[in-house]
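Everything below concerns the one structure shown next.
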Amino acid sequence: MQRRSFLRILGATGAAAALPQMASAATTHQVSIQGFKFEPASLAVAAGDTVVFTNNDRAPHTATANDRSWTTPNLRKGQSAEVTVVAGMEGEYFCAIHPNMKGALTGV
């Protein structure tokens, strides 16, 4: 059977939906640090995504995983840092300078 005929049969029978889906492109998420809060406070992320933390406060801040598996450097006003999401990176994070500031990454 030729490839074109096979693909036509798959399309006609609806079996094409059973084929593996193409991997989706990684997403870049923006988190603004402002008013001693992470905005948004919660993000749905997938492995390969990038999270960009930008400090819009006068005070310095970090974004640090509760388990300390990742952290940004101290960010002064106007500075940004990128964190690349890896498998299993979901969980809560906080500012190491101001521990009352909290955020979360959840897997999709």
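Each chain of the structure tokens is named A, B, ... in the order shown, its residues numbered from 1; ligands are numbered from 1 in display order.
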Give me, as an mmCIF file with C-alpha atoms, in the first residue's frame, all polymer residues having an atom no more than 10 Å from Asn56 in chain A, counting only C-alpha atoms and skipping those fewer than 3 positions away in the same chain.
```cif
data_model
loop_
_atom_site.group_PDB
_atom_site.id
_atom_site.type_symbol
_atom_site.label_atom_id
_atom_site.label_comp_id
_atom_site.auth_asym_id
_atom_site.auth_seq_id
_atom_site.Cartn_x
_atom_site.Cartn_y
_atom_site.Cartn_z
ATOM 1 C CA SER A 32 6.594 40.294 37.496
ATOM 2 C CA ILE A 33 7.853 40.929 41.016
ATOM 3 C CA GLN A 34 6.007 44.001 42.219
ATOM 4 C CA GLY A 35 4.479 45.153 45.489
ATOM 5 C CA PHE A 36 6.339 42.338 47.271
ATOM 6 C CA PHE A 53 11.351 36.707 36.658
ATOM 7 C CA ALA A 59 13.825 46.255 46.938
ATOM 8 C CA PRO A 60 15.952 43.320 45.721
ATOM 9 C CA HIS A 61 14.262 39.915 45.392
ATOM 10 C CA LEU A 75 17.498 40.838 41.359
ATOM 11 C CA ARG A 76 17.591 44.602 41.713
ATOM 12 C CA LYS A 77 14.928 46.875 40.197
ATOM 13 C CA GLY A 78 14.721 46.328 36.446
ATOM 14 C CA GLN A 79 16.759 43.111 36.461
ATOM 15 C CA SER A 80 15.494 39.784 35.140
#
```
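Shortest separation to Ala81 in chain A among A:Leu105, A:Ala25, A:Val31, A:Ala47 occurs at residue A:Val31, atoms counted being only C-alpha atoms.
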Using only C-alpha atoms, which protein or nucleic acid residues come within 9 Å of Gly103 in chain A? Drop anything in the same chain fewer than 4 positions from it, and give the result as a ChimeraX atom specification. /A:37-43,63,91-95
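Compared by their closest atoms to Thr28 in chain A, and using only C-alpha atoms, the residues A:Arg68, A:Glu82, A:Thr54, A:Ile97 rank with A:Glu82 nearest.
One distance worth recording is that between CA of Ser69 in chain A and CA of Ala46 in chain A, which is 16.7 Å.
Interatomic distance, CA of Gly88 in chain A to CA of Gly107 in chain A: 8.1 Å.
For the pair CA of Thr27 in chain A and CA of Pro73 in chain A, the separation is 22.0 Å.
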